[in-house]
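Here's data-v1.pdb, which has PDB, C-alpha atoms:
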```
ATOM      1  CA  MET G 126     -23.314  22.877  -1.740
ATOM      2  CA  LYS G 127     -20.643  20.284  -2.420
ATOM      3  CA  THR G 128     -19.517  17.946   0.348
ATOM      4  CA  ALA G 129     -15.881  16.935   0.691
ATOM      5  CA  LEU G 130     -14.189  13.955   2.308
ATOM      6  CA  THR G 131     -11.168  15.366   4.104
ATOM      7  CA  ALA G 132      -8.309  13.506   5.781
ATOM      8  CA  ARG G 133      -5.732  15.377   7.827
ATOM      9  CA  GLY G 134      -2.628  13.970   9.492
ATOM     10  CA  LEU G 135      -3.739  10.335   9.292
ATOM     11  CA  SER G 136      -1.389   7.719  10.710
ATOM     12  CA  ARG G 137      -1.851   4.016  11.341
ATOM     13  CA  ALA G 138       0.454   1.185  12.393
ATOM     14  CA  ALA G 139       0.128  -2.592  12.304
ATOM     15  CA  GLY G 140       2.075  -3.805  15.311
ATOM     16  CA  THR G 141       5.491  -2.182  15.053
ATOM     17  CA  ARG G 142       5.149  -1.440  11.320
ATOM     18  CA  THR G 143       3.878   1.927  10.138
ATOM     19  CA  LEU G 144       1.321   1.554   7.349
ATOM     20  CA  TRP G 145       1.004   5.249   6.581
ATOM     21  CA  SER G 146       1.851   8.471   8.363
ATOM     22  CA  ASP G 147       0.639  12.081   8.138
ATOM     23  CA  LEU G 148      -1.678  11.486   5.174
ATOM     24  CA  ASP G 149      -3.533  14.546   3.903
ATOM     25  CA  PHE G 150      -6.058  14.511   1.073
ATOM     26  CA  THR G 151      -9.449  15.828   0.033
ATOM     27  CA  VAL G 152     -12.016  14.287  -2.326
ATOM     28  CA  GLU G 153     -14.937  16.481  -3.319
ATOM     29  CA  SER G 154     -18.408  15.259  -4.226
ATOM     30  CA  GLY G 155     -18.606  14.022  -7.798
ATOM     31  CA  ARG G 156     -14.915  13.030  -7.739
ATOM     32  CA  SER G 157     -13.065   9.734  -7.366
ATOM     33  CA  LEU G 158      -9.774   8.706  -5.766
ATOM     34  CA  ALA G 159      -7.773   5.524  -6.384
ATOM     35  CA  LEU G 160      -5.616   4.154  -3.569
ATOM     36  CA  THR G 161      -2.659   2.301  -5.052
ATOM     37  CA  GLY G 162       0.362   0.479  -3.682
ATOM     38  CA  PRO G 163       1.667  -3.027  -3.040
ATOM     39  CA  SER G 164      -0.183  -5.605  -0.966
ATOM     40  CA  GLY G 165       0.303  -4.854   2.715
ATOM     41  CA  SER G 166       0.637  -1.107   2.215
ATOM     42  CA  GLY G 167      -2.553  -0.400   4.164
ATOM     43  CA  LYS G 168      -5.047   0.321   1.383
ATOM     44  CA  THR G 169      -7.825  -1.776   2.927
ATOM     45  CA  THR G 170      -7.085  -0.389   6.388
ATOM     46  CA  LEU G 171      -7.403   3.150   5.058
ATOM     47  CA  LEU G 172     -10.719   2.286   3.396
ATOM     48  CA  ARG G 173     -11.969   0.869   6.694
ATOM     49  CA  CYS G 174     -11.015   4.096   8.452
ATOM     50  CA  LEU G 175     -12.727   6.230   5.795
ATOM     51  CA  SER G 176     -15.892   4.168   6.255
ATOM     52  CA  SER G 177     -15.823   4.532  10.088
ATOM     53  CA  ILE G 178     -15.323   0.778  10.623
ATOM     54  CA  ALA G 179     -11.769   1.311  11.903
ATOM     55  CA  ARG G 180     -10.023   4.316  13.396
ATOM     56  CA  PRO G 181      -6.650   5.858  12.598
ATOM     57  CA  ASP G 182      -4.030   6.045  15.320
ATOM     58  CA  ALA G 183      -3.750   9.790  14.724
ATOM     59  CA  GLY G 184      -5.415  12.456  12.605
ATOM     60  CA  ARG G 185      -8.992  13.225  11.664
ATOM     61  CA  ILE G 186     -11.458  12.310   8.902
ATOM     62  CA  LEU G 187     -14.390  14.543   8.018
ATOM     63  CA  LEU G 188     -17.299  14.212   5.619
ATOM     64  CA  GLY G 189     -18.595  17.732   5.386
ATOM     65  CA  GLY G 190     -18.596  18.821   9.007
ATOM     66  CA  THR G 191     -18.922  15.326  10.508
ATOM     67  CA  ARG G 192     -15.947  13.627  12.169
ATOM     68  CA  ILE G 193     -16.169  10.095  10.776
ATOM     69  CA  ASP G 194     -13.369   8.910  13.035
ATOM     70  CA  GLN G 195     -15.347   9.853  16.163
ATOM     71  CA  LEU G 196     -18.788   8.393  15.441
ATOM     72  CA  GLY G 197     -20.519   6.585  18.289
ATOM     73  CA  ALA G 198     -22.203   3.230  17.716
ATOM     74  CA  LYS G 199     -25.660   4.655  16.919
ATOM     75  CA  ASP G 200     -24.349   7.348  14.581
ATOM     76  CA  GLN G 201     -22.068   4.830  12.896
ATOM     77  CA  ARG G 202     -24.999   2.517  12.129
ATOM     78  CA  GLU G 203     -26.930   5.399  10.586
ATOM     79  CA  PHE G 204     -23.841   6.530   8.655
ATOM     80  CA  LEU G 205     -23.388   3.066   7.131
ATOM     81  CA  ARG G 206     -27.102   2.809   6.396
ATOM     82  CA  SER G 207     -27.706   6.125   4.700
ATOM     83  CA  THR G 208     -24.420   7.833   3.862
ATOM     84  CA  CYS G 209     -21.659   5.307   3.137
ATOM     85  CA  GLY G 210     -21.868   2.422   0.649
ATOM     86  CA  LEU G 211     -19.346  -0.416   0.937
ATOM     87  CA  VAL G 212     -17.914  -2.949  -1.489
ATOM     88  CA  PHE G 213     -15.304  -5.010   0.348
ATOM     89  CA  GLN G 214     -13.477  -8.093  -0.904
ATOM     90  CA  ASP G 215     -15.643 -10.455   1.162
ATOM     91  CA  TYR G 216     -18.743  -8.857  -0.507
ATOM     92  CA  ALA G 217     -20.711  -8.901   2.824
ATOM     93  CA  LEU G 218     -23.588 -10.904   1.330
ATOM     94  CA  VAL G 219     -25.883 -13.454   2.993
ATOM     95  CA  GLY G 220     -25.582 -16.673   0.994
ATOM     96  CA  GLU G 221     -29.016 -18.012   1.977
ATOM     97  CA  TRP G 222     -30.731 -14.836   0.798
ATOM     98  CA  THR G 223     -31.726 -14.176  -2.780
ATOM     99  CA  VAL G 224     -29.834 -11.723  -4.923
ATOM    100  CA  THR G 225     -32.670  -9.192  -4.582
ATOM    101  CA  GLU G 226     -32.788  -9.546  -0.796
ATOM    102  CA  ASN G 227     -29.070  -8.806  -0.615
ATOM    103  CA  VAL G 228     -29.353  -5.846  -2.965
ATOM    104  CA  CYS G 229     -32.202  -4.321  -0.929
ATOM    105  CA  VAL G 230     -30.761  -4.971   2.530
ATOM    106  CA  VAL G 231     -29.685  -1.338   2.998
ATOM    107  CA  ARG G 232     -33.047   0.285   2.340
ATOM    108  CA  PRO G 233     -32.871   4.076   2.025
ATOM    109  CA  ARG G 234     -35.225   5.815   4.434
ATOM    110  CA  GLY G 235     -38.504   6.967   2.941
ATOM    111  CA  VAL G 236     -38.271   4.839  -0.212
ATOM    112  CA  PRO G 237     -41.496   2.838  -0.828
ATOM    113  CA  LYS G 238     -41.141  -0.913  -1.346
ATOM    114  CA  GLY G 239     -42.352  -0.696  -4.941
ATOM    115  CA  VAL G 240     -39.755   1.935  -5.800
ATOM    116  CA  LEU G 241     -37.083  -0.122  -4.043
ATOM    117  CA  ALA G 242     -38.023  -3.214  -6.059
ATOM    118  CA  GLN G 243     -37.750  -1.283  -9.327
ATOM    119  CA  ARG G 244     -34.406   0.197  -8.271
ATOM    120  CA  SER G 245     -33.081  -3.286  -7.519
ATOM    121  CA  ARG G 246     -34.183  -4.612 -10.918
ATOM    122  CA  ASP G 247     -32.573  -1.661 -12.683
ATOM    123  CA  ALA G 248     -29.360  -2.020 -10.675
ATOM    124  CA  LEU G 249     -29.057  -5.730 -11.462
ATOM    125  CA  ILE G 250     -29.532  -5.032 -15.166
ATOM    126  CA  ARG G 251     -26.810  -2.385 -15.036
ATOM    127  CA  VAL G 252     -24.264  -4.795 -13.539
ATOM    128  CA  GLY G 253     -25.186  -7.592 -15.946
ATOM    129  CA  LEU G 254     -27.344  -9.682 -13.591
ATOM    130  CA  GLY G 255     -30.785  -8.832 -14.930
ATOM    131  CA  GLY G 256     -33.415 -11.506 -14.306
ATOM    132  CA  ARG G 257     -31.406 -13.245 -11.587
ATOM    133  CA  GLY G 258     -32.871 -11.563  -8.529
ATOM    134  CA  ALA G 259     -34.628 -14.718  -7.275
ATOM    135  CA  GLU G 260     -31.470 -16.855  -7.226
ATOM    136  CA  PRO G 261     -29.776 -17.716  -3.912
ATOM    137  CA  THR G 262     -26.610 -15.660  -3.688
ATOM    138  CA  SER G 263     -24.621 -18.739  -2.653
ATOM    139  CA  ARG G 264     -25.012 -20.149  -6.176
ATOM    140  CA  LEU G 265     -23.254 -17.192  -7.780
ATOM    141  CA  SER G 266     -19.580 -17.087  -8.696
ATOM    142  CA  GLY G 267     -17.219 -14.759  -6.856
ATOM    143  CA  GLY G 268     -17.327 -12.242  -9.681
ATOM    144  CA  GLU G 269     -21.125 -12.323  -9.757
ATOM    145  CA  GLN G 270     -21.288 -11.799  -5.996
ATOM    146  CA  GLN G 271     -18.973  -8.831  -6.412
ATOM    147  CA  ARG G 272     -21.420  -7.318  -8.894
ATOM    148  CA  VAL G 273     -24.308  -7.926  -6.464
ATOM    149  CA  ALA G 274     -22.403  -5.832  -3.916
ATOM    150  CA  VAL G 275     -22.033  -3.064  -6.503
ATOM    151  CA  ALA G 276     -25.759  -3.264  -7.337
ATOM    152  CA  ARG G 277     -26.481  -2.857  -3.617
ATOM    153  CA  ILE G 278     -24.746   0.524  -3.494
ATOM    154  CA  LEU G 279     -26.567   1.608  -6.666
ATOM    155  CA  VAL G 280     -29.839   1.008  -4.816
ATOM    156  CA  GLN G 281     -28.538   2.661  -1.655
ATOM    157  CA  SER G 282     -27.275   5.728  -3.616
ATOM    158  CA  PRO G 283     -24.943   6.921  -0.825
ATOM    159  CA  ARG G 284     -22.938  10.148  -0.622
ATOM    160  CA  LEU G 285     -19.717   8.196  -0.033
ATOM    161  CA  VAL G 286     -18.724   4.999  -1.859
ATOM    162  CA  ILE G 287     -15.864   2.869  -0.511
ATOM    163  CA  ALA G 288     -14.770  -0.013  -2.761
ATOM    164  CA  ASP G 289     -11.921  -2.475  -2.192
ATOM    165  CA  GLU G 290     -10.651  -4.030  -5.454
ATOM    166  CA  PRO G 291     -14.102  -3.788  -7.096
ATOM    167  CA  THR G 292     -12.863  -5.137 -10.454
ATOM    168  CA  ALA G 293     -10.325  -7.700  -9.219
ATOM    169  CA  ALA G 294     -12.342 -10.877  -9.892
ATOM    170  CA  LEU G 295     -13.975  -9.701 -13.114
ATOM    171  CA  ASP G 296     -13.434 -10.122 -16.836
ATOM    172  CA  ASP G 297     -13.112  -7.020 -19.014
ATOM    173  CA  VAL G 298     -16.826  -6.799 -19.821
ATOM    174  CA  SER G 299     -17.931  -7.155 -16.192
ATOM    175  CA  ALA G 300     -15.237  -4.725 -15.019
ATOM    176  CA  ALA G 301     -16.564  -2.162 -17.493
ATOM    177  CA  LYS G 302     -20.070  -2.597 -16.030
ATOM    178  CA  VAL G 303     -18.710  -1.964 -12.536
ATOM    179  CA  ARG G 304     -16.886   1.168 -13.708
ATOM    180  CA  TRP G 305     -20.135   2.322 -15.304
ATOM    181  CA  ALA G 306     -22.002   1.774 -12.020
ATOM    182  CA  LEU G 307     -19.387   3.661 -10.012
ATOM    183  CA  GLY G 308     -19.447   6.387 -12.645
ATOM    184  CA  ALA G 309     -23.219   6.696 -12.352
ATOM    185  CA  LEU G 310     -22.862   7.246  -8.609
ATOM    186  CA  ARG G 311     -20.086   9.765  -9.202
ATOM    187  CA  GLU G 312     -22.261  11.638 -11.702
ATOM    188  CA  MET G 313     -24.972  11.847  -9.032
ATOM    189  CA  GLY G 314     -22.477  13.584  -6.755
ATOM    190  CA  ALA G 315     -21.098  10.693  -4.714
ATOM    191  CA  ILE G 316     -17.521  10.659  -3.485
ATOM    192  CA  VAL G 317     -15.912   7.434  -4.734
ATOM    193  CA  VAL G 318     -12.765   5.990  -3.133
ATOM    194  CA  VAL G 319     -11.368   2.697  -4.426
ATOM    195  CA  ALA G 320      -8.346   0.570  -3.586
ATOM    196  CA  THR G 321      -7.089  -1.160  -6.690
ATOM    197  CA  HIS G 322      -4.254  -2.788  -8.621
ATOM    198  CA  ASP G 323      -6.227  -2.371 -11.864
ATOM    199  CA  PRO G 324      -4.493   0.224 -14.090
ATOM    200  CA  VAL G 325      -7.692   0.794 -16.078
ATOM    201  CA  LEU G 326      -9.592   1.684 -12.902
ATOM    202  CA  VAL G 327      -6.732   3.909 -11.725
ATOM    203  CA  ASP G 328      -6.880   5.826 -15.015
ATOM    204  CA  TRP G 329     -10.671   6.066 -14.693
ATOM    205  CA  CYS G 330     -10.400   7.780 -11.296
ATOM    206  CA  ASP G 331      -9.910  11.535 -11.108
ATOM    207  CA  ASP G 332      -6.937  11.286  -8.741
ATOM    208  CA  ALA G 333      -4.645   8.646  -7.239
ATOM    209  CA  LEU G 334      -2.849   8.290  -3.916
ATOM    210  CA  ALA G 335       0.086   5.872  -3.716
ATOM    211  CA  LEU G 336       0.675   4.112  -0.383
ATOM    212  CA  GLY G 337       3.754   2.183   0.695
TER     213      GLY G 337
END
```
Let's see the structure in the file written out as structure tokens.
Amino acid sequence: MKTALTARGLSRAAGTRTLWSDLDFTVESGRSLALTGPSGSGKTTLLRCLSSIARPDAGRILLGGTRIDQLGAKDQREFLRSTCGLVFQDYALVGEWTVTENVCVVRPRGVPKGVLAQRSRDALIRVGLGGRGAEPTSRLSGGEQQRVAVARILVQSPRLVIADEPTAALDDVSAAKVRWALGALREMGAIVVVATHDPVLVDWCDDALALG
């Protein structure tokens, strides 16, 4: 049975300024949605709400039958570990750790270490970082760190993928590798939601939602 990400009546303000109001949309498994709009229109805030990290001022967000906007601390940790994969603009990597350690930090439950190691090698090859798993992440460029974050969600293989400007710091070849990685997750049935100014990525997505 397919799972859908459903938003109903979402509203959020920043101080006295309304970012978005009464948003309604649905993204089914195996589909992708691009959030577009000018800087400051609330794209990142909406991604944070969809990932349970922030909450809307009004409305509800459901993944299947689960209210994402009402998760308690314990359920939220499990949701971010096993269900939701994140690629935010700060990459959320530990600079002192190796590339492989960062890629494997969100270890899916029940996956043996040997299988996890092979998954990480495969994921790094797919994003163009094959053979670099032993390097400290701090030595990588911003674009390379961005691809490490994408490799991490390939290993995690979540049901929901949330990505904020995943191709922004990349050249055309690297951006194509990221689109391929997101496409692989989509083909496996993941729901993919991205915020982007990249017209190529917008066209790649199945649907788009303009904010602002």
- Task: Starting from the shown file, work through the PyMOL selection byres ((chain G and resi 153) around 12) and note down what comes out as a VMD selection string.
- Result: chain G and resid 126 to 132 150 to 152 154 to 158 187 to 189 284 to 285 311 314 to 318 331 to 332
- Query: So what does the PyMOL selection byres ((chain G and resi 254) around 10) actually pick up in this one, as a count of residues only?
  - Reply: 18
- Query: Just so the selection is clear, what residues does the PyMOL selection byres ((chain G and resi 209) around 6) cover here, as an NGL selection string?
  - Reply: :G and (205 or 208 or 210 or 283 or 285-286)
- Query: In Å, with one decimal, what is the gap from CA of Ala335 (chain G) to CA of Gln201 (chain G)?
  - Reply: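 Between CA of Ala335 (chain G) and CA of Gln201 (chain G) the gap is 27.7 Å.
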- Item | Contacts of region 237-243 of chain G within 9 Å, all atoms listed in the file, excl. fewer than 5 positions in-chain, as a list in words |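 Contacts, in chain order: Thr225, Cys229, Arg232, Ala248 and Val280 of chain G.
Rounded to one decimal, CA of Ala217 (chain G) and CA of Ala274 (chain G) lie 7.6 Å from each other.
With all atoms listed in the file as the atoms that count, the residue of G:Gly235, G:Asn227, G:Gly197, G:Gly337 with the shortest distance to Arg142 (chain G) is G:Gly337.
Excluding Thr223 (chain G) itself and any same-chain residue fewer than 5 positions from it, the protein and nucleic acid residues within 9 Å of it, counting all atoms listed in the file, are Val228, Arg257, Gly258, Ala259, Glu260, Pro261, Thr262 and Ser263 of chain G.
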Residue subset to file, keeping C-alpha atoms, as an mmCIF file, keeping the file's coordinate frame:
```cif
data_model
loop_
_atom_site.group_PDB
_atom_site.id
_atom_site.type_symbol
_atom_site.label_atom_id
_atom_site.label_comp_id
_atom_site.auth_asym_id
_atom_site.auth_seq_id
_atom_site.Cartn_x
_atom_site.Cartn_y
_atom_site.Cartn_z
ATOM 1 C CA VAL G 228 -29.353 -5.846 -2.965
ATOM 2 C CA ARG G 257 -31.406 -13.245 -11.587
ATOM 3 C CA GLY G 258 -32.871 -11.563 -8.529
ATOM 4 C CA ALA G 259 -34.628 -14.718 -7.275
ATOM 5 C CA GLU G 260 -31.470 -16.855 -7.226
ATOM 6 C CA PRO G 261 -29.776 -17.716 -3.912
ATOM 7 C CA THR G 262 -26.610 -15.660 -3.688
ATOM 8 C CA SER G 263 -24.621 -18.739 -2.653
#
```
- Task: Figure out the distance between CA of Gly220 (chain G) and CA of Leu265 (chain G), please, to one decimal in Å.
- Result: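 If I compute the distance from CA of Leu265 (chain G) to CA of Gly220 (chain G), I get 9.1 Å.
With only C-alpha atoms as the atoms that count, the residue of G:Gly268, G:Ala183, G:Ser136, G:Leu279 with the shortest distance to Asp296 (chain G) is G:Gly268.
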- Task: Can you pull out every residue within 7 Å of Asp194 (chain G), counting only C-alpha atoms, but drop anything in the same chain fewer than 4 positions away, and send it as a list in words?
- Result: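 After dropping sequence-adjacent residues, the list is Ser177, Arg180, Arg185 and Ile186 of chain G.
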- Nearest to Lys302 (chain G): which of G:Asp215, G:Arg192, G:Val275, G:Cys174 is it, counting all atoms listed in the file?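 Result for the nearest residue to Lys302 (chain G): G:Val275.
Proximity of G:Lys199, G:Arg304, G:Arg277, G:Arg133 to Pro233 (chain G), computed with only C-alpha atoms, is greatest for G:Arg277.
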- Nearest to Gly167 (chain G): which of G:Trp145, G:Val319, G:Pro181, G:Phe213 is it, counting only C-alpha atoms? G:Trp145
- Task: Just give me the residues with any atom within 12 Å of (-8.9, -1.0, 3.5), file coordinates, counting only C-alpha atoms, written as a ChimeraX atom specification.
- Result: /G:137,144,159-162,164-181,211-215,287-290,318-321,336
